[in-house]
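Asker: Data: input_7.csv, CSV, C-alpha atoms.
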chain,number,residue,atom,x,y,z
D,1,ALA,CA,107.5,94.7,69.6
D,2,LEU,CA,106.4,98.3,69.7
D,3,THR,CA,104.5,97.8,73.0
D,4,TYR,CA,107.4,96.0,74.5
D,5,ASN,CA,109.9,98.7,73.5
D,6,ALA,CA,107.5,101.4,74.9
D,7,VAL,CA,107.3,99.5,78.2
D,8,LEU,CA,111.0,98.9,78.2
D,9,LEU,CA,111.9,102.5,77.7
D,10,SER,CA,109.2,103.7,80.2
D,11,VAL,CA,110.3,101.4,83.0
D,12,GLY,CA,114.0,102.0,82.2
D,13,GLY,CA,113.5,105.7,82.3
D,14,TYR,CA,111.5,105.6,85.5
D,15,ALA,CA,114.1,103.4,87.1
D,16,TRP,CA,116.8,105.7,86.0
D,17,VAL,CA,115.1,108.8,87.4
D,18,ARG,CA,113.5,107.4,90.5
D,19,GLY,CA,115.8,104.5,91.5
D,20,GLY,CA,119.3,104.3,92.8
D,21,ARG,CA,122.4,102.8,91.5
D,22,PRO,CA,121.1,99.2,91.3
D,23,GLU,CA,118.0,100.3,89.5
D,24,ARG,CA,120.1,102.2,86.9
D,25,ILE,CA,122.3,99.1,86.4
D,26,GLY,CA,119.2,97.0,86.0
D,27,ALA,CA,117.7,99.4,83.5
D,28,ALA,CA,120.9,99.4,81.5
D,29,ILE,CA,121.0,95.6,81.5
D,30,ASN,CA,117.5,95.3,80.2
D,31,ILE,CA,117.8,98.1,77.6
D,32,ALA,CA,121.1,97.0,76.3
D,33,ALA,CA,120.1,93.3,76.0
D,34,SER,CA,116.8,94.1,74.4
D,35,PHE,CA,118.2,96.5,71.8
D,36,VAL,CA,121.2,94.2,70.9
D,37,THR,CA,118.8,91.2,70.5
D,38,GLY,CA,116.4,93.3,68.5
D,39,ALA,CA,119.1,94.7,66.2
D,40,LEU,CA,120.4,91.1,65.6
D,41,GLN,CA,116.9,90.0,64.7
D,42,LEU,CA,116.4,92.9,62.3
D,43,ILE,CA,119.7,92.1,60.6
D,44,ASP,CA,119.1,88.4,60.3
D,45,ARG,CA,115.9,86.5,60.9
D,46,ARG,CA,117.7,83.4,62.0
D,47,HIS,CA,118.2,85.0,65.4
D,48,TYR,CA,114.5,84.4,66.1
D,49,ALA,CA,115.1,80.7,66.2
D,50,PRO,CA,115.7,78.9,69.5
D,51,ALA,CA,119.1,77.7,68.2
D,52,GLY,CA,120.6,81.1,67.9
D,53,THR,CA,123.8,80.9,69.9
D,54,ILE,CA,124.5,84.7,69.9
D,55,VAL,CA,121.1,85.5,71.4
D,56,LEU,CA,121.6,82.6,73.9
D,57,GLY,CA,124.9,84.2,74.8
D,58,ILE,CA,123.1,87.5,75.4
D,59,ASP,CA,120.6,85.8,77.7
D,60,VAL,CA,123.5,84.1,79.6
D,61,VAL,CA,125.1,87.5,80.1
D,62,VAL,CA,121.8,89.0,81.3
D,63,ALA,CA,121.4,86.2,83.9
D,64,ILE,CA,125.0,86.5,85.1
D,65,SER,CA,124.5,90.3,85.3
D,66,PHE,CA,121.4,90.0,87.4
D,67,TYR,CA,123.0,87.4,89.6
D,68,TRP,CA,126.0,89.7,90.2
D,69,LEU,CA,123.7,92.6,91.0
D,70,ALA,CA,121.6,90.4,93.4
D,71,ILE,CA,124.7,89.4,95.4
D,72,ARG,CA,126.2,92.9,95.5
D,73,THR,CA,123.1,95.0,96.5
D,74,THR,CA,120.8,95.3,99.4
D,75,ARG,CA,117.8,95.3,97.0
D,76,PHE,CA,115.5,92.3,96.7
D,77,TRP,CA,114.2,92.9,93.1
D,78,PRO,CA,117.4,91.7,91.4
D,79,ILE,CA,116.8,88.2,92.8
D,80,TRP,CA,113.5,88.2,91.0
D,81,ALA,CA,115.0,89.5,87.8
D,82,PHE,CA,117.7,86.8,88.0
D,83,GLY,CA,115.0,84.2,88.5
D,84,PHE,CA,113.1,85.4,85.4
D,85,ALA,CA,116.4,85.5,83.4
D,86,LEU,CA,117.1,82.0,84.5
D,87,ALA,CA,113.6,80.9,83.5
D,88,ASN,CA,114.2,82.5,80.1
D,89,LEU,CA,117.4,80.5,79.7
D,90,ILE,CA,115.5,77.3,80.6
D,91,MET,CA,112.8,78.1,78.1
D,92,ARG,CA,115.5,78.6,75.4
D,93,VAL,CA,117.2,75.3,76.2
D,94,ALA,CA,113.9,73.5,76.3
D,95,ALA,CA,113.1,74.9,72.8
D,96,LEU,CA,116.5,73.7,71.6
D,97,LEU,CA,115.8,70.2,72.9
D,98,LEU,CA,112.2,70.1,71.8
D,99,PRO,CA,112.2,71.3,68.1
D,100,SER,CA,108.5,70.6,67.7
D,101,VAL,CA,107.6,73.6,70.0
D,102,SER,CA,106.0,76.3,67.9
D,103,LEU,CA,107.8,79.6,67.5
D,104,PHE,CA,104.7,81.4,68.8
D,105,ALA,CA,104.7,79.5,72.1
D,106,TYR,CA,108.5,79.9,72.4
D,107,HIS,CA,108.5,83.7,71.9
D,108,SER,CA,105.4,84.1,74.0
D,109,GLY,CA,107.2,82.5,76.9
D,110,LEU,CA,110.3,84.6,76.4
D,111,SER,CA,108.3,87.8,76.3
D,112,ALA,CA,106.4,86.9,79.5
D,113,TYR,CA,109.7,86.6,81.4
D,114,ALA,CA,111.0,89.8,80.0
D,115,TYR,CA,107.8,91.7,81.2
D,116,LEU,CA,108.1,90.1,84.6
D,117,ALA,CA,111.8,91.2,84.9
D,118,LEU,CA,110.7,94.7,83.9
D,119,GLY,CA,108.0,94.5,86.5
D,120,ALA,CA,110.5,93.6,89.2
D,121,LEU,CA,112.7,96.6,88.2
D,122,LEU,CA,109.6,98.9,88.2
D,123,LEU,CA,108.7,97.7,91.7
D,124,GLY,CA,112.2,98.2,92.9
D,125,ALA,CA,112.4,101.8,91.6
D,126,TRP,CA,108.9,102.5,92.9
D,127,ARG,CA,109.8,101.4,96.5
D,128,MET,CA,112.8,103.9,96.6
D,129,PRO,CA,111.8,106.6,99.2
D,130,PRO,CA,111.8,110.1,97.7
D,131,GLY,CA,114.3,111.4,100.3
D,132,ALA,CA,116.6,108.4,100.3
D,133,ASP,CA,120.1,108.9,101.7
D,134,ASP,CA,123.3,108.3,99.7
D,135,VAL,CA,123.8,104.8,101.2
D,136,LEU,CA,120.3,103.7,100.3
D,137,LYS,CA,120.6,105.1,96.8
D,138,ASN,CA,124.0,103.4,96.3
D,139,GLY,CA,122.5,100.1,97.3
D,140,SER,CA,125.9,98.5,98.0
D,141,ARG,CA,126.1,95.9,100.7
D,142,ARG,CA,129.5,97.2,101.7
D,143,ALA,CA,128.3,100.7,102.1
D,144,TRP,CA,125.3,99.5,104.1
D,145,PHE,CA,127.5,97.3,106.4
D,146,ALA,CA,129.9,100.1,106.9
D,147,ARG,CA,127.1,102.5,108.0
D,148,GLU,CA,125.7,99.9,110.4
D,149,LYS,CA,129.1,99.3,111.9
D,150,LEU,CA,129.6,103.0,112.4
D,151,ARG,CA,126.1,103.2,114.0
D,152,GLU,CA,127.0,100.3,116.4
D,153,HIS,CA,130.3,102.0,117.2
D,154,SER,CA,128.7,105.3,117.9
D,155,GLN,CA,126.0,103.7,120.1
D,156,LEU,CA,128.7,101.9,122.1
D,157,ASN,CA,130.6,105.1,122.7
D,158,SER,CA,127.4,107.0,123.7
D,159,ASN,CA,126.5,104.3,126.3
D,160,VAL,CA,129.9,104.6,127.9
As structure tokens, please, write out the structure in this file.

Answerer:
Amino acid sequence: ALTYNAVLLSVGGYAWVRGGRPERIGAAINIAASFVTGALQLIDRRHYAPAGTIVLGIDVVVAISFYWLAIRTTRFWPIWAFGFALANLIMRVAALLLPSVSLFAYHSGLSAYAYLALGALLLGAWRMPPGADDVLKNGSRRAWFAREKLREHSQLNSNV
């Protein structure tokens, strides 16, 4: 848990400093979900079990959040993060349906997907160019399309 928290805070901090708006949102999603889940598990050990509906709800919110981010941004890494969140949900549902799965195997699978999602976020922040313009840092599809439309319009006017 200490190693995961150190990696989580390191990647989240790096994404916050180096990345743009989508990376900051991704860092906030990961950090908030991890700390809420960890707090619940510290308060009541029943939240470690696969049948924990509150933790399942947190995982659903994470998956929906990464899906929302993936369809709203020009970045590619949120698609991967959404995929890992979805795999995490499938793992949780499988553990509910197969009660003979050991808790060690269950939690090992969940942590693997969490590290992979953090890896996608890290890669996304690392790929941000140091001198990126505001549109690239914003990461919004709308802003990008508006800029491209403006470029096309200015090219048409310069050719006339």

Asker: With segment 112-117 of chain D as the partner and 12 Å as the cut-off, tabulate the residues of segment 23-88 of chain D that qualify, each row holding the nearest pair of atoms and their distance in Å to one decimal, using all atoms listed in the file, sorted by chain and rising number, as CSV.

Answerer:
residue,atom,partner,partner_atom,distance
D:Glu23,CA,D:Ala117,CA,11.9
D:Gly26,CA,D:Ala117,CA,9.5
D:Ala27,CA,D:Ala117,CA,10.2
D:Ile29,CA,D:Ala117,CA,10.7
D:Asn30,CA,D:Ala117,CA,8.4
D:Ile31,CA,D:Ala114,CA,11.0
D:Ala33,CA,D:Ala114,CA,10.5
D:Ser34,CA,D:Ala114,CA,9.1
D:Asp59,CA,D:Ala114,CA,10.7
D:Val62,CA,D:Ala117,CA,10.9
D:Ala63,CA,D:Ala117,CA,10.9
D:Phe66,CA,D:Ala117,CA,10.0
D:Trp77,CA,D:Ala117,CA,8.7
D:Pro78,CA,D:Ala117,CA,8.6
D:Ile79,CA,D:Ala117,CA,9.8
D:Trp80,CA,D:Ala117,CA,7.0
D:Ala81,CA,D:Ala117,CA,4.6
D:Phe82,CA,D:Ala117,CA,8.0
D:Gly83,CA,D:Ala117,CA,8.5
D:Phe84,CA,D:Tyr113,CA,5.4
D:Ala85,CA,D:Tyr113,CA,7.1
D:Leu86,CA,D:Tyr113,CA,9.2
D:Ala87,CA,D:Tyr113,CA,7.2
D:Asn88,CA,D:Tyr113,CA,6.2

Asker: When you count all atoms listed in the file, which of these residues is closest to Leu8 of chain D: D:Leu123, D:Ile54, D:Leu150, D:Leu118?

Answerer: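 Closest candidate: D:Leu118.
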
Asker: Pick the closest to Arg141 of chain D from D:Leu56, D:Val11, D:Ala70, D:Leu121: which is it, counting all atoms listed in the file?

Answerer: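 The answer is D:Ala70, which sits nearest to Arg141 of chain D.
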
Asker: Leaving out segment 142-148 of chain D and any residue of its chain fewer than 4 positions from it, which residues lie within 12 Å of it when counting only C-alpha atoms, given as a PDB file with C-alpha atoms, in the frame of the given file?

Answerer:
ATOM      1  CA  ILE D  71     124.700  89.400  95.400  1.00  0.00           C
ATOM      2  CA  ARG D  72     126.200  92.900  95.500  1.00  0.00           C
ATOM      3  CA  THR D  73     123.100  95.000  96.500  1.00  0.00           C
ATOM      4  CA  THR D  74     120.800  95.300  99.400  1.00  0.00           C
ATOM      5  CA  ARG D  75     117.800  95.300  97.000  1.00  0.00           C
ATOM      6  CA  ASP D 133     120.100 108.900 101.700  1.00  0.00           C
ATOM      7  CA  ASP D 134     123.300 108.300  99.700  1.00  0.00           C
ATOM      8  CA  VAL D 135     123.800 104.800 101.200  1.00  0.00           C
ATOM      9  CA  LEU D 136     120.300 103.700 100.300  1.00  0.00           C
ATOM     10  CA  LYS D 137     120.600 105.100  96.800  1.00  0.00           C
ATOM     11  CA  ASN D 138     124.000 103.400  96.300  1.00  0.00           C
ATOM     12  CA  GLU D 152     127.000 100.300 116.400  1.00  0.00           C
ATOM     13  CA  HIS D 153     130.300 102.000 117.200  1.00  0.00           C
ATOM     14  CA  SER D 154     128.700 105.300 117.900  1.00  0.00           C
ATOM     15  CA  GLN D 155     126.000 103.700 120.100  1.00  0.00           C
TER      16      GLN D 155
END

Asker: Compare D:Phe76, D:Leu96, D:Ser65, D:Val36 by their minimum atom-to-atom distance to Arg127 of chain D, counting only C-alpha atoms, and give me the closest one.

Answerer: D:Phe76

Asker: Expressed in Å to a single decimal, how great is the separation between atom CA of Arg24 of chain D and atom CA of Gln41 of chain D?

Answerer: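 Here the two named atoms are 25.5 Å from each other.
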
Asker: How many Å lie between atom CA of Gly12 of chain D and atom CA of Met128 of chain D, rounded to one decimal?

Answerer: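 Going from atom CA of Gly12 of chain D over to atom CA of Met128 of chain D, I get 14.6 Å.
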
Asker: Counting only C-alpha atoms, figure out which residue out of D:Ser100, D:Thr37, D:Thr53, D:Ser140 gets nearest to Ala1 of chain D.

Answerer: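 Of D:Ser100, D:Thr37, D:Thr53, D:Ser140, the one nearest Ala1 of chain D is D:Thr37, counting only C-alpha atoms.
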
Asker: Which one is closest to Gly57 of chain D: D:Leu42, D:Leu98, D:Val93, D:Leu156? Count all atoms listed in the file.

Answerer: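 The shortest atom-to-atom distance to Gly57 of chain D comes from D:Val93.
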
Asker: What gap, in Å, lies between atom CA of Leu40 of chain D and atom CA of Gly13 of chain D?

Answerer: 23.2 Å

Asker: Would you mind listing what lies within 6 Å of Ala125 of chain D as a PyMOL selection string, with all atoms listed in the file counted and same-chain residues fewer than 3 positions away left out?

Answerer: chain D and resi 15+18-19+122+128

Asker: Select, from D:Ile64, D:Leu2, D:Leu69, D:Met91, the residue with the minimum atom-to-atom distance to Ile25 of chain D, counting only C-alpha atoms.

Answerer: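 Result for the nearest residue to Ile25 of chain D: D:Leu69.
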